[in-house]
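Listing of query.cif, mmCIF, C-alpha atoms
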data_work
#
loop_
_atom_site.group_PDB
_atom_site.id
_atom_site.type_symbol
_atom_site.label_atom_id
_atom_site.label_comp_id
_atom_site.auth_asym_id
_atom_site.auth_seq_id
_atom_site.Cartn_x
_atom_site.Cartn_y
_atom_site.Cartn_z
ATOM 1 C CA MET A 1 -28.155 -1.419 -38.774
ATOM 2 C CA LEU A 2 -24.578 -2.613 -39.070
ATOM 3 C CA ASN A 3 -23.219 0.924 -38.767
ATOM 4 C CA PHE A 4 -25.369 1.506 -35.663
ATOM 5 C CA GLN A 5 -23.938 -1.640 -34.019
ATOM 6 C CA ARG A 6 -20.418 -0.525 -34.843
ATOM 7 C CA ARG A 7 -21.075 2.879 -33.287
ATOM 8 C CA GLN A 8 -22.410 1.170 -30.157
ATOM 9 C CA ILE A 9 -19.313 -0.998 -29.881
ATOM 10 C CA VAL A 10 -17.046 2.041 -30.244
ATOM 11 C CA LEU A 11 -18.991 3.901 -27.543
ATOM 12 C CA ILE A 12 -18.740 0.921 -25.188
ATOM 13 C CA LEU A 13 -14.987 0.649 -25.716
ATOM 14 C CA LEU A 14 -14.518 4.367 -25.172
ATOM 15 C CA GLY A 15 -16.575 4.129 -22.004
ATOM 16 C CA ALA A 16 -14.435 1.259 -20.756
ATOM 17 C CA CYS A 17 -11.235 3.229 -21.419
ATOM 18 C CA THR A 18 -12.631 6.328 -19.714
ATOM 19 C CA GLY A 19 -13.842 4.252 -16.777
ATOM 20 C CA GLY A 20 -10.406 2.666 -16.382
ATOM 21 C CA ALA A 21 -8.665 6.027 -16.453
ATOM 22 C CA SER A 22 -11.219 7.422 -13.998
ATOM 23 C CA ALA A 23 -10.725 4.500 -11.604
ATOM 24 C CA GLN A 24 -6.949 4.969 -11.754
ATOM 25 C CA SER A 25 -7.204 8.723 -11.169
ATOM 26 C CA ALA A 26 -9.510 8.059 -8.203
ATOM 27 C CA TYR A 27 -6.837 5.949 -6.475
ATOM 28 C CA PRO A 28 -7.140 5.073 -3.697
ATOM 29 C CA ASN A 29 -10.812 4.250 -3.146
ATOM 30 C CA LYS A 30 -10.325 1.511 -0.546
ATOM 31 C CA PRO A 31 -7.870 0.673 2.282
ATOM 32 C CA ILE A 32 -4.219 0.004 1.457
ATOM 33 C CA THR A 33 -2.269 -2.822 3.098
ATOM 34 C CA LEU A 34 1.388 -2.220 3.903
ATOM 35 C CA ILE A 35 3.036 -5.627 4.311
ATOM 36 C CA VAL A 36 6.058 -5.508 6.650
ATOM 37 C CA SER A 37 8.859 -7.996 6.030
ATOM 38 C CA SER A 38 9.744 -8.396 9.720
ATOM 39 C CA ALA A 39 8.097 -8.839 13.100
ATOM 40 C CA ALA A 40 6.764 -5.953 15.166
ATOM 41 C CA GLY A 41 9.330 -3.989 17.138
ATOM 42 C CA GLY A 42 12.125 -3.652 14.576
ATOM 43 C CA THR A 43 13.037 -0.657 12.440
ATOM 44 C CA THR A 44 11.166 -2.001 9.404
ATOM 45 C CA ASP A 45 8.014 -2.100 11.507
ATOM 46 C CA ILE A 46 8.742 1.319 13.038
ATOM 47 C CA ALA A 47 9.230 2.828 9.568
ATOM 48 C CA ALA A 48 5.906 1.350 8.422
ATOM 49 C CA ARG A 49 4.011 2.716 11.426
ATOM 50 C CA MET A 50 5.634 6.144 11.154
ATOM 51 C CA LEU A 51 4.344 6.276 7.591
ATOM 52 C CA ALA A 52 0.977 4.495 7.770
ATOM 53 C CA GLU A 53 -1.175 6.947 9.745
ATOM 54 C CA PRO A 54 -0.114 10.210 8.061
ATOM 55 C CA LEU A 55 -0.100 8.592 4.614
ATOM 56 C CA GLY A 56 -3.593 7.254 5.215
ATOM 57 C CA LYS A 57 -4.809 10.727 6.168
ATOM 58 C CA ALA A 58 -3.173 12.269 3.104
ATOM 59 C CA LEU A 59 -4.728 9.695 0.770
ATOM 60 C CA GLY A 60 -8.115 9.625 2.467
ATOM 61 C CA GLN A 61 -7.946 5.880 3.093
ATOM 62 C CA THR A 62 -6.736 3.681 5.941
ATOM 63 C CA VAL A 63 -3.246 2.219 5.562
ATOM 64 C CA VAL A 64 -3.174 -1.105 7.419
ATOM 65 C CA VAL A 65 0.192 -2.422 8.671
ATOM 66 C CA ASP A 66 0.430 -6.200 8.314
ATOM 67 C CA ASN A 67 3.558 -7.927 9.706
ATOM 68 C CA ARG A 68 4.506 -11.063 7.751
ATOM 69 C CA ALA A 69 7.834 -12.119 9.232
ATOM 70 C CA GLY A 70 9.734 -15.230 8.265
ATOM 71 C CA ALA A 71 11.852 -16.898 5.592
ATOM 72 C CA SER A 72 14.338 -13.990 5.604
ATOM 73 C CA GLY A 73 11.690 -11.669 4.222
ATOM 74 C CA GLY A 74 10.393 -14.293 1.804
ATOM 75 C CA ILE A 75 6.900 -14.548 3.278
ATOM 76 C CA ALA A 76 6.190 -10.824 2.940
ATOM 77 C CA ALA A 77 7.834 -10.632 -0.475
ATOM 78 C CA GLY A 78 5.764 -13.559 -1.703
ATOM 79 C CA VAL A 79 2.509 -11.941 -0.585
ATOM 80 C CA VAL A 80 3.281 -8.680 -2.382
ATOM 81 C CA LYS A 81 4.669 -10.389 -5.481
ATOM 82 C CA ARG A 82 1.395 -12.307 -5.928
ATOM 83 C CA ALA A 83 -0.841 -9.313 -5.163
ATOM 84 C CA GLU A 84 -2.722 -7.415 -7.827
ATOM 85 C CA PRO A 85 -0.487 -4.607 -9.174
ATOM 86 C CA ASP A 86 -3.036 -1.941 -8.298
ATOM 87 C CA GLY A 87 -1.363 -0.066 -5.450
ATOM 88 C CA TYR A 88 -3.471 -1.586 -2.688
ATOM 89 C CA THR A 89 -0.827 -4.041 -1.460
ATOM 90 C CA LEU A 90 2.606 -2.563 -0.762
ATOM 91 C CA LEU A 91 5.810 -3.851 0.824
ATOM 92 C CA MET A 92 7.781 -2.075 3.543
ATOM 93 C CA GLN A 93 11.119 -3.673 2.829
ATOM 94 C CA TYR A 94 14.303 -4.017 4.837
ATOM 95 C CA SER A 95 17.473 -3.601 2.777
ATOM 96 C CA GLY A 96 19.089 -6.707 4.198
ATOM 97 C CA TYR A 97 16.288 -8.836 2.805
ATOM 98 C CA HIS A 98 16.192 -6.978 -0.503
ATOM 99 C CA VAL A 99 19.894 -6.948 -1.398
ATOM 100 C CA ILE A 100 21.547 -9.601 0.791
ATOM 101 C CA THR A 101 19.061 -12.474 1.025
ATOM 102 C CA PRO A 102 19.035 -13.011 -2.775
ATOM 103 C CA HIS A 103 22.749 -13.872 -2.532
ATOM 104 C CA VAL A 104 22.189 -16.263 0.367
ATOM 105 C CA VAL A 105 18.966 -18.150 -0.383
ATOM 106 C CA LYS A 106 19.209 -20.461 -3.362
ATOM 107 C CA ASN A 107 16.181 -20.844 -5.629
ATOM 108 C CA SER A 108 14.378 -17.955 -3.936
ATOM 109 C CA PRO A 109 10.704 -17.704 -5.013
ATOM 110 C CA TRP A 110 11.095 -13.950 -5.567
ATOM 111 C CA GLU A 111 13.573 -11.570 -7.168
ATOM 112 C CA ALA A 112 14.144 -7.833 -6.974
ATOM 113 C CA LYS A 113 12.615 -7.490 -10.446
ATOM 114 C CA ASP A 114 9.265 -8.665 -9.021
ATOM 115 C CA PHE A 115 8.881 -5.266 -7.376
ATOM 116 C CA GLN A 116 8.722 -1.636 -8.366
ATOM 117 C CA ALA A 117 10.375 0.973 -6.173
ATOM 118 C CA VAL A 118 8.122 3.628 -4.637
ATOM 119 C CA ALA A 119 10.204 5.541 -2.056
ATOM 120 C CA ASN A 120 12.922 5.095 0.519
ATOM 121 C CA VAL A 121 11.817 6.154 4.004
ATOM 122 C CA LEU A 122 14.558 5.666 6.602
ATOM 123 C CA SER A 123 18.293 5.001 6.545
ATOM 124 C CA ALA A 124 20.398 4.131 9.582
ATOM 125 C CA PRO A 125 23.729 2.571 10.506
ATOM 126 C CA GLN A 126 23.927 -0.580 12.566
ATOM 127 C CA VAL A 127 24.666 -0.188 16.270
ATOM 128 C CA ILE A 128 26.449 -2.945 18.178
ATOM 129 C CA VAL A 129 24.604 -3.499 21.463
ATOM 130 C CA VAL A 130 25.308 -5.952 24.289
ATOM 131 C CA ARG A 131 23.151 -7.227 27.107
ATOM 132 C CA GLU A 132 23.248 -5.871 30.615
ATOM 133 C CA GLY A 133 25.807 -7.785 32.636
ATOM 134 C CA LEU A 134 28.177 -8.709 29.825
ATOM 135 C CA PRO A 135 31.609 -7.586 31.128
ATOM 136 C CA VAL A 136 32.523 -5.350 28.177
ATOM 137 C CA LYS A 137 32.297 -1.575 27.751
ATOM 138 C CA THR A 138 33.925 -1.012 24.372
ATOM 139 C CA LEU A 139 34.271 -2.793 21.048
ATOM 140 C CA ALA A 140 37.887 -3.528 21.953
ATOM 141 C CA ASP A 141 36.660 -5.167 25.181
ATOM 142 C CA LEU A 142 34.201 -7.279 23.192
ATOM 143 C CA ILE A 143 36.906 -8.471 20.819
ATOM 144 C CA ALA A 144 39.233 -9.309 23.725
ATOM 145 C CA TYR A 145 36.441 -11.211 25.490
ATOM 146 C CA ALA A 146 35.618 -13.146 22.326
ATOM 147 C CA LYS A 147 39.260 -14.107 21.812
ATOM 148 C CA ALA A 148 39.496 -15.324 25.389
ATOM 149 C CA ASN A 149 36.223 -17.275 25.036
ATOM 150 C CA PRO A 150 36.078 -18.666 21.459
ATOM 151 C CA GLY A 151 32.513 -19.419 20.355
ATOM 152 C CA LYS A 152 30.999 -18.454 23.706
ATOM 153 C CA LEU A 153 29.476 -15.140 22.639
ATOM 154 C CA THR A 154 26.081 -15.465 20.988
ATOM 155 C CA TYR A 155 24.807 -12.795 18.605
ATOM 156 C CA ALA A 156 21.200 -12.432 17.504
ATOM 157 C CA SER A 157 20.017 -11.375 14.065
ATOM 158 C CA SER A 158 16.679 -10.831 12.347
ATOM 159 C CA GLY A 159 17.285 -13.933 10.257
ATOM 160 C CA ASN A 160 19.816 -15.839 8.240
ATOM 161 C CA GLY A 161 21.203 -13.583 5.527
ATOM 162 C CA SER A 162 19.997 -10.407 7.239
ATOM 163 C CA LEU A 163 22.310 -7.418 7.514
ATOM 164 C CA GLN A 164 22.770 -8.200 11.220
ATOM 165 C CA HIS A 165 23.957 -11.691 10.292
ATOM 166 C CA VAL A 166 26.363 -10.344 7.700
ATOM 167 C CA THR A 167 27.600 -7.624 10.076
ATOM 168 C CA GLY A 168 28.323 -10.284 12.697
ATOM 169 C CA ALA A 169 30.220 -12.363 10.154
ATOM 170 C CA MET A 170 32.170 -9.274 9.057
ATOM 171 C CA LEU A 171 33.102 -8.542 12.668
ATOM 172 C CA GLU A 172 34.302 -12.121 13.156
ATOM 173 C CA GLN A 173 36.356 -11.955 9.988
ATOM 174 C CA GLN A 174 37.903 -8.550 10.588
ATOM 175 C CA ALA A 175 38.569 -8.988 14.315
ATOM 176 C CA GLY A 176 39.713 -12.606 14.084
ATOM 177 C CA ILE A 177 37.105 -13.911 16.520
ATOM 178 C CA ALA A 178 34.479 -16.658 16.574
ATOM 179 C CA MET A 179 30.904 -16.161 17.831
ATOM 180 C CA THR A 180 27.675 -18.180 17.592
ATOM 181 C CA HIS A 181 24.911 -16.842 15.346
ATOM 182 C CA VAL A 182 21.294 -17.101 16.586
ATOM 183 C CA PRO A 183 18.735 -16.123 13.905
ATOM 184 C CA TYR A 184 15.252 -14.804 14.747
ATOM 185 C CA LYS A 185 12.182 -13.797 12.734
ATOM 186 C CA GLY A 186 12.889 -10.105 13.035
ATOM 187 C CA THR A 187 14.598 -7.623 15.340
ATOM 188 C CA GLY A 188 11.671 -7.533 17.800
ATOM 189 C CA PRO A 189 12.019 -11.162 18.964
ATOM 190 C CA ALA A 190 15.819 -10.859 18.950
ATOM 191 C CA LEU A 191 15.597 -7.773 21.151
ATOM 192 C CA GLN A 192 13.355 -9.537 23.654
ATOM 193 C CA ASP A 193 15.852 -12.361 24.081
ATOM 194 C CA LEU A 194 18.728 -9.893 24.328
ATOM 195 C CA LEU A 195 16.922 -8.070 27.139
ATOM 196 C CA GLY A 196 16.271 -11.434 28.767
ATOM 197 C CA ALA A 197 19.988 -12.326 28.540
ATOM 198 C CA GLN A 198 19.260 -15.316 26.301
ATOM 199 C CA VAL A 199 21.831 -13.939 23.838
ATOM 200 C CA ASP A 200 24.824 -11.666 24.402
ATOM 201 C CA LEU A 201 24.700 -9.080 21.656
ATOM 202 C CA THR A 202 23.150 -8.027 18.402
ATOM 203 C CA PHE A 203 23.581 -5.597 15.537
ATOM 204 C CA GLY A 204 20.768 -3.438 14.288
ATOM 205 C CA THR A 205 19.556 0.014 13.434
ATOM 206 C CA PRO A 206 19.139 2.253 16.514
ATOM 207 C CA PRO A 207 15.339 2.858 16.654
ATOM 208 C CA PRO A 208 14.224 -0.260 18.580
ATOM 209 C CA PHE A 209 17.224 -0.106 20.927
ATOM 210 C CA MET A 210 17.171 3.565 21.897
ATOM 211 C CA PRO A 211 14.802 3.367 24.910
ATOM 212 C CA PHE A 212 16.791 0.499 26.411
ATOM 213 C CA ILE A 213 20.173 2.132 25.759
ATOM 214 C CA HIS A 214 19.004 5.303 27.510
ATOM 215 C CA ALA A 215 17.548 3.222 30.367
ATOM 216 C CA GLY A 216 20.857 1.382 30.839
ATOM 217 C CA LYS A 217 19.378 -2.020 29.969
ATOM 218 C CA LEU A 218 21.556 -2.319 26.873
ATOM 219 C CA ARG A 219 25.045 -0.969 26.197
ATOM 220 C CA ALA A 220 25.946 0.465 22.800
ATOM 221 C CA LEU A 221 29.569 -0.204 21.854
ATOM 222 C CA ALA A 222 29.893 1.235 18.346
ATOM 223 C CA VAL A 223 28.002 2.232 15.210
ATOM 224 C CA THR A 224 28.900 0.785 11.821
ATOM 225 C CA GLY A 225 28.296 3.906 9.733
ATOM 226 C CA PRO A 226 30.758 6.573 8.586
ATOM 227 C CA ALA A 227 29.737 9.000 11.363
ATOM 228 C CA ARG A 228 28.402 8.966 14.906
ATOM 229 C CA VAL A 229 24.635 8.993 15.443
ATOM 230 C CA ALA A 230 23.303 12.365 16.617
ATOM 231 C CA SER A 231 21.145 10.769 19.318
ATOM 232 C CA LEU A 232 24.091 8.636 20.549
ATOM 233 C CA PRO A 233 26.936 11.182 20.473
ATOM 234 C CA ALA A 234 29.121 9.303 22.953
ATOM 235 C CA VAL A 235 29.098 6.056 20.962
ATOM 236 C CA PRO A 236 32.095 5.846 18.607
ATOM 237 C CA THR A 237 32.093 4.481 15.078
ATOM 238 C CA ALA A 238 33.621 1.090 14.350
ATOM 239 C CA ALA A 239 36.380 2.925 12.490
ATOM 240 C CA GLU A 240 37.169 4.978 15.599
ATOM 241 C CA SER A 241 37.251 1.704 17.518
ATOM 242 C CA GLY A 242 39.870 0.165 15.230
ATOM 243 C CA LEU A 243 37.774 -1.562 12.535
ATOM 244 C CA PRO A 244 37.550 0.884 9.595
ATOM 245 C CA LYS A 245 36.090 -1.695 7.202
ATOM 246 C CA LEU A 246 33.142 -2.592 9.447
ATOM 247 C CA ASP A 247 30.721 -0.348 7.542
ATOM 248 C CA ALA A 248 27.062 -1.377 7.211
ATOM 249 C CA THR A 249 24.055 0.906 6.798
ATOM 250 C CA SER A 250 20.443 -0.244 6.498
ATOM 251 C CA TRP A 251 17.639 1.392 4.555
ATOM 252 C CA PHE A 252 13.891 0.854 4.634
ATOM 253 C CA GLY A 253 11.802 1.495 1.561
ATOM 254 C CA VAL A 254 8.352 1.007 0.071
ATOM 255 C CA PHE A 255 7.925 -1.245 -2.954
ATOM 256 C CA ALA A 256 4.907 -2.238 -5.038
ATOM 257 C CA PRO A 257 4.296 -5.286 -7.246
ATOM 258 C CA ALA A 258 5.852 -5.053 -10.688
ATOM 259 C CA LYS A 259 3.503 -3.595 -13.329
ATOM 260 C CA THR A 260 1.766 -1.279 -10.852
ATOM 261 C CA PRO A 261 0.600 1.720 -12.965
ATOM 262 C CA LYS A 262 3.041 4.633 -13.007
ATOM 263 C CA PRO A 263 0.397 7.217 -11.954
ATOM 264 C CA VAL A 264 -0.246 5.160 -8.801
ATOM 265 C CA ILE A 265 3.477 4.868 -8.045
ATOM 266 C CA ASP A 266 3.964 8.589 -8.633
ATOM 267 C CA LYS A 267 1.043 9.526 -6.384
ATOM 268 C CA LEU A 268 2.307 7.344 -3.532
ATOM 269 C CA SER A 269 5.856 8.614 -3.912
ATOM 270 C CA ALA A 270 4.768 12.269 -3.967
ATOM 271 C CA GLU A 271 2.679 11.892 -0.804
ATOM 272 C CA ILE A 272 5.482 10.052 1.001
ATOM 273 C CA ALA A 273 7.951 12.781 -0.009
ATOM 274 C CA ARG A 274 5.631 15.460 1.338
ATOM 275 C CA LEU A 275 5.173 13.668 4.662
ATOM 276 C CA MET A 276 8.878 12.976 5.078
ATOM 277 C CA ALA A 277 9.708 16.635 4.503
ATOM 278 C CA THR A 278 7.746 17.716 7.589
ATOM 279 C CA PRO A 279 9.765 18.760 10.675
ATOM 280 C CA ALA A 280 7.839 16.277 12.825
ATOM 281 C CA PHE A 281 8.805 13.283 10.675
ATOM 282 C CA LYS A 282 12.439 14.363 10.456
ATOM 283 C CA GLN A 283 12.636 14.962 14.212
ATOM 284 C CA LYS A 284 11.112 11.575 14.996
ATOM 285 C CA ALA A 285 13.634 9.853 12.744
ATOM 286 C CA THR A 286 16.533 11.709 14.392
ATOM 287 C CA GLU A 287 15.325 10.829 17.891
ATOM 288 C CA LEU A 288 15.286 7.193 16.862
ATOM 289 C CA GLY A 289 18.853 7.314 15.562
ATOM 290 C CA ALA A 290 17.843 7.197 11.899
ATOM 291 C CA THR A 291 17.608 9.637 8.977
ATOM 292 C CA ALA A 292 14.516 10.515 6.958
ATOM 293 C CA ASN A 293 16.230 9.758 3.649
ATOM 294 C CA PHE A 294 13.712 10.093 0.819
ATOM 295 C CA MET A 295 14.490 8.565 -2.565
ATOM 296 C CA ASP A 296 12.037 8.743 -5.451
ATOM 297 C CA PRO A 297 11.195 5.617 -7.496
ATOM 298 C CA GLN A 298 14.099 5.989 -9.932
ATOM 299 C CA GLN A 299 16.618 6.874 -7.234
ATOM 300 C CA LEU A 300 15.582 3.930 -5.060
ATOM 301 C CA ALA A 301 15.604 1.546 -8.032
ATOM 302 C CA ASP A 302 19.123 2.631 -9.030
ATOM 303 C CA TYR A 303 20.375 2.546 -5.444
ATOM 304 C CA SER A 304 18.951 -0.902 -4.683
ATOM 305 C CA THR A 305 20.484 -2.274 -7.898
ATOM 306 C CA ALA A 306 23.893 -0.907 -6.893
ATOM 307 C CA GLU A 307 23.481 -2.269 -3.352
ATOM 308 C CA LEU A 308 22.570 -5.706 -4.712
ATOM 309 C CA ALA A 309 25.895 -5.809 -6.544
ATOM 310 C CA ARG A 310 27.916 -4.409 -3.609
ATOM 311 C CA TRP A 311 26.625 -6.881 -1.064
ATOM 312 C CA SER A 312 27.280 -9.792 -3.392
ATOM 313 C CA HIS A 313 30.989 -9.262 -2.797
ATOM 314 C CA VAL A 314 30.526 -8.859 0.971
ATOM 315 C CA VAL A 315 28.483 -12.064 1.294
ATOM 316 C CA LYS A 316 31.056 -14.049 -0.667
ATOM 317 C CA ALA A 317 33.932 -12.654 1.398
ATOM 318 C CA ALA A 318 32.103 -13.424 4.657
ATOM 319 C CA LYS A 319 31.132 -16.883 3.355
ATOM 320 C CA ILE A 320 27.490 -16.471 4.385
ATOM 321 C CA GLN A 321 25.359 -19.469 3.446
ATOM 322 C CA ALA A 322 21.725 -20.437 3.922
ATOM 323 C CA ASP A 323 20.880 -22.553 6.979
#
What is this file in structure tokens?
Amino acid sequence: MLNFQRRQIVLILLGACTGGASAQSAYPNKPITLIVSSAAGGTTDIAARMLAEPLGKALGQTVVVDNRAGASGGIAAGVVKRAEPDGYTLLMQYSGYHVITPHVVKNSPWEAKDFQAVANVLSAPQVIVVREGLPVKTLADLIAYAKANPGKLTYASSGNGSLQHVTGAMLEQQAGIAMTHVPYKGTGPALQDLLGAQVDLTFGTPPPFMPFIHAGKLRALAVTGPARVASLPAVPTAAESGLPKLDATSWFGVFAPAKTPKPVIDKLSAEIARLMATPAFKQKATELGATANFMDPQQLADYSTAELARWSHVVKAAKIQAD
């Protein structure tokens, strides 16, 4: 009788193990939520929506985009950090929040180690854009205007500690000017106020600005990457405009909660790689002024670690502090 009971226990345990492996191999079997760390309208949101529909079709499940802006990415990060590490709650992260905010916000409730890299999706330089009616046509004009009107120019960002904020501080430092920083809960709200002439300029990746630049409602002065943007060929780099050290590029990647099973991470990463390799995805990214820049989990993990260290020095030099 005792041996029979032991055999039954062994069979139950084996069944549990097999069931667990089967459930993991069947991933996904329900909708996936992609939490976005900024408001609708910015590049983080655009990257999420470019990915969500085709990824959902590839996986056979709906991928729901859920914008959780606020706290310099802290709200979205907190949601994903606390989620079950099962691959059903993912984070579309903005690099500024991932590698700059940790140096700015003291006692942050999350750390980079709370997440596991899945794949990088888009990379793009910042573009310096000014509102319609501001009497400047070049970066040199902007600097001259700022020097003649100390503190008068207002620049919007997607939040304190964001890459836009740091880029603005870098510009002030390198050009010897003073501007007023106005933080928002994402690029979308900042863009709306820029179009409404509530602020004078902003820094950000090209995608959300492109329609308004082409329509003449915003003026692009310079890009902060090492080369001009293919979709904005007439816009010079900051280096060409006299500020060679004004170099800031954003990236937008997918992360999962720490301890998410490797097979789940690998499946997500492989599907994202396949989608990003399609001509349609690459063309869309180019039209938006970005690059479809895939990185696998290890590449993104290594890159984000290096970026975390690099921006530590930039934040200290620019003397960025939490509000």
The centre and edge lengths of an axis-aligned box containing all atoms of region 214-228 of chain A present in the file, extended by 4 Å on each side, are to be given in Å to one decimal, as lines of an AutoDock Vina configuration file.
center_x = 24.2
center_y = 3.3
center_z = 19.7
size_x = 21.2
size_y = 19.3
size_z = 30.3
Need to verify the contact set: Phe203 (chain A), 12 Å, all atoms listed in the file, exclusion of same-chain residues closer than 3 positions in sequence. Can you return it as number ranges by chain? A: 42, 124-131, 154-159, 162-171, 181-183, 186-187, 190-191, 194, 199-200, 206-209, 218-224, 246-250
Applied to the shown file, which residues does the PyMOL selection byres ((chain A and resi 290-297) around 6) return, written as number ranges by chain? A: 117-124, 282, 285-286, 288-289, 298-300
One decimal, in Å: what's the spacing between CA of Ser241 (chain A) and CA of Ala140 (chain A)?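 So the answer is 6.9 Å.
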I'd like the contact shell of Val63 (chain A) - 8 Å cut-off, all atoms listed in the file, skipping same-chain residues fewer than 2 positions apart - returned as a ChimeraX atom specification. /A:31-34,52-53,55-56,61,65
Please determine the residues with any atom at most 12 Å from (16.1, -15.9, -1.7) (coordinates as given in the file, with all atoms listed in the file counting) and report them as a VMD selection string. chain A and resid 70 to 75 77 to 78 96 to 112 160 to 162 321 to 323
Spatial neighbours of Met50 (chain A), max dist 9 Å, all atoms listed in the file, sep filter under 4 positions, as number ranges by chain: A: 45-46, 54, 281, 284-285
Between A:Lys185, A:Arg82, A:Lys259, A:Lys113, which residue has the minimum interatomic distance to Ser37 (chain A), considering all atoms listed in the file?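 For Ser37 (chain A), the nearest of the given residues is A:Lys185.
As for CA of Phe115 (chain A) and CA of Pro257 (chain A), they are spaced 4.6 Å apart.
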As a check of understanding, name the residues that the PyMOL selection byres ((chain A and resi 36) around 8) selects in the supplied structure, as number ranges by chain. A: 34-35, 37-39, 44-45, 48, 65-69, 76, 91-93
Please report the interatomic distance between CA of Leu51 (chain A) and CA of Val235 (chain A) in Å with one decimal.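 Answer for the CA of Leu51 (chain A) to CA of Val235 (chain A) separation: 28.1 Å.
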Out of A:Gln198, A:Asn29, A:Ser269, A:Ser304, which residue has the shortest atom-to-atom distance to Glu132 (chain A) when counting all atoms listed in the file?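 For Glu132 (chain A), the nearest of the given residues is A:Gln198.
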